[in-house]
Amino acid sequence: MKKYLWMTVSLLLCNSNVFAQSDRENQFQKNSSKEEIPPPAQLANTREWQIKTGLLLETENIEGNSDGKGAWEPSVYLELIKDRWTLGGSFYQEDHNTSHYYRLKGRNDGYDQYEITARYALVTSKTLALGMMGGIRNYRWSYYTGDNKGQTYNTQRYTLQPDWNLQLIPDLHFSGWLAMSQFKNNVNRNGLTHNEIESETGINFAFNETLGVTLNYYIDRGWNKYSERDGEFSQQEMRLYFPVIFNLFSVNESKFSPYIRRTLTTWYYNHDHQRNERERDSRFGLLFEQALPHNLALSLEYGYELQLHPDASGNEPSRTKFHYTSIGLSYLF
């Protein structure tokens with residue numbers, strides 16, 4: 001049973017690194033990762049291809065922000081798993097200021113995201129799991145306002161990402177992942193950076209077959225090659241998870257995972273003010289996962305985040321309230 005605690009925490013590491021900012025911070029938001037990386041302990045042991053497909057619907061909204069209804073973010077993905085290999089493909093879309101979702105009225109800038117990944121399990125022993133993933137992502141930005149109105153620009157991201165899970169003692173593990181990425185083509189035009197390092201790592205302790213706790217350190221840093229600073233950012237957090245496993249229904253397993261995120265230090269570069277501007281965030285969230293009959297699985301998540309902006313000036317708010325929601329459905333063939 002304890003191995004399911006590990007799988008729950010690993011999925012949290014890979015699926016909850018999404019955060020959003022106000023309009024003046026869009027360049028900070030555009031680098032957030034969306035990919036779902038197979039957790040180190042979740043290894044296929046079959047000579048036949050397993051196929052998993054899923055749909056994830058996300059919303060992000062800041063109270064009182066000029067983006068109106070916030071962001072509506074649907075994504076679909078496909079995974080092929082065989083022996084030590086996991087191959088993946090996904091499509092993600094983000095639209096700001098949508099009115100009744102995809103109607104053109106009130107629509108602002110947005111982007112589509114296409115990605116393919118391949119992960120190989122290098123080590124699969126009882127005490128150590130080590131994997132390596134490579135991926136290519138294409139951002140297709142469409143502009144409906146401003147100087148770039150009516151234009152579309154593509155940027156490619158190339159990523160190499162190791163992941164690990166080391167058993168220190170039977171109930172204590174050290175696990176995490178490290179993503180190293182480079183961006184090519186229209187990088188500054190799309191408000192991105194040339195380089196990015198993102199990682200989450202920490203320790204997990206299982207009290208029993210039902211309850212565990214995980215404490216992680218998270219960092220996301222984006223920077224440019226030359227003196228140009230537009231889009232640069234840095235985010236560091238401590239993240240605390242409390243995965244709980246129980247049976248809400250008589251047959252299939254239920255997973256309930258409250259979590260807390262607290263900023264250590266976060267800043268982004270503000271082009272208009274020509275300076276780094278800080279942000280301090282505190283997020284409280286809940287993730288619920290339910291196995292369903294016929295190889296189906298359901299996930300629900302809600303996150304509330306209080307964002308403080310100590311360097312705000314003029315009419316810019318010194319504090320904002322951010323809401324994140326998601327619903328996911330997957331099927332294993």
# chains A, B, ... in the order shown; residues from 1 in each chain; ligands from 1

$ residues_around --residues "Gln182 of chain A" --least-positions-apart "5" --cutoff "6 Å" --atoms "only C-alpha atoms" --output "list in words"
Arg157, Tyr158, His194 and Asn195 of chain A

$ residues_around --residues "segment 245-254 of chain A" --least-positions-apart "5" --cutoff "7 Å" --atoms "only C-alpha atoms" --output "count of residues only"
6

$ closest_residue --among "A:Tyr331, A:Phe233, A:Tyr139, A:Tyr226" --to "Asn154 of chain A" --atoms "only C-alpha atoms"
A:Tyr139

$ closest_atom_pairs --of "segment 113-213 of chain A" --to "segment 260-271 of chain A" --cutoff "12 Å" --atoms "only C-alpha atoms" --output "tab-separated table"
residue	atom	partner	partner_atom	distance
A:Asn188	CA	A:His271	CA	11.7
A:Gly191	CA	A:His271	CA	10.6
A:Leu192	CA	A:Tyr269	CA	11.5
A:Thr193	CA	A:Tyr269	CA	11.1
A:Val213	CA	A:Ile260	CA	11.5

$ residues_around --residues "Ile116 of chain A" --least-positions-apart "5" --cutoff "6 Å" --atoms "only C-alpha atoms" --output "MDAnalysis selection string"
chainID A and resid 88:89 135:136

$ residues_around --residues "Ser299 of chain A" --least-positions-apart "4" --cutoff "8 Å" --atoms "only C-alpha atoms" --output "VMD selection string"
chain A and resid 287 to 290 326 to 329

$ residues_around --residues "Val244 of chain A" --least-positions-apart "6" --cutoff "8 Å" --atoms "only C-alpha atoms" --output "count of residues only"
7

$ closest_residue --among "A:Ser318, A:Asn216, A:Asn224, A:Asn295" --to "Gln236 of chain A" --atoms "only C-alpha atoms"
A:Asn216

$ residues_around --residues "Asp171 of chain A" --least-positions-apart "6" --cutoff "8 Å" --atoms "only C-alpha atoms" --output "list in words"
Phe205, Ala206 and Phe207 of chain A

$ residues_around --residues "Arg140 of chain A" --least-positions-apart "6" --cutoff "10 Å" --atoms "only C-alpha atoms" --output "PyMOL selection string"
chain A and resi 93+110-114+152-156+190

$ write_last_selection --atoms "N, CA and C atoms" --output "compact mmCIF listing (two decimals), in the first residue's frame"
# COMPACT_ATOMS: atom_id res chain seq x y z
N GLN A 93 -3.84 24.13 -24.56
CA GLN A 93 -4.25 25.42 -25.10
C GLN A 93 -4.60 26.35 -23.94
N GLY A 110 -3.32 34.42 -26.50
CA GLY A 110 -3.31 33.05 -26.01
C GLY A 110 -2.34 32.22 -26.80
N TYR A 111 -2.12 30.96 -26.37
CA TYR A 111 -1.18 30.12 -27.11
C TYR A 111 -1.59 28.66 -27.07
N ASP A 112 -1.13 27.93 -28.10
CA ASP A 112 -1.26 26.48 -28.16
C ASP A 112 0.11 25.88 -27.87
N GLN A 113 0.11 24.67 -27.35
CA GLN A 113 1.35 24.03 -26.96
C GLN A 113 1.32 22.55 -27.38
N TYR A 114 2.28 22.15 -28.18
CA TYR A 114 2.39 20.76 -28.63
C TYR A 114 3.69 20.19 -28.07
N THR A 152 1.15 35.63 -35.37
CA THR A 152 1.38 34.35 -34.69
C THR A 152 2.87 34.03 -34.75
N TYR A 153 3.45 33.65 -33.62
CA TYR A 153 4.87 33.34 -33.55
C TYR A 153 5.09 32.03 -32.80
N ASN A 154 6.04 31.21 -33.30
CA ASN A 154 6.33 29.91 -32.70
C ASN A 154 7.68 29.93 -31.99
N THR A 155 7.73 29.28 -30.83
CA THR A 155 8.97 29.10 -30.08
C THR A 155 9.09 27.63 -29.71
N GLN A 156 10.30 27.06 -29.83
CA GLN A 156 10.53 25.66 -29.49
C GLN A 156 11.32 25.56 -28.18
N ASN A 190 7.97 36.43 -27.69
CA ASN A 190 6.90 35.74 -26.96
C ASN A 190 7.05 35.86 -25.44

$ closest_residue --among "A:Lys149, A:Leu57, A:Arg47, A:Gln235" --to "Leu298 of chain A" --atoms "only C-alpha atoms"
A:Leu57
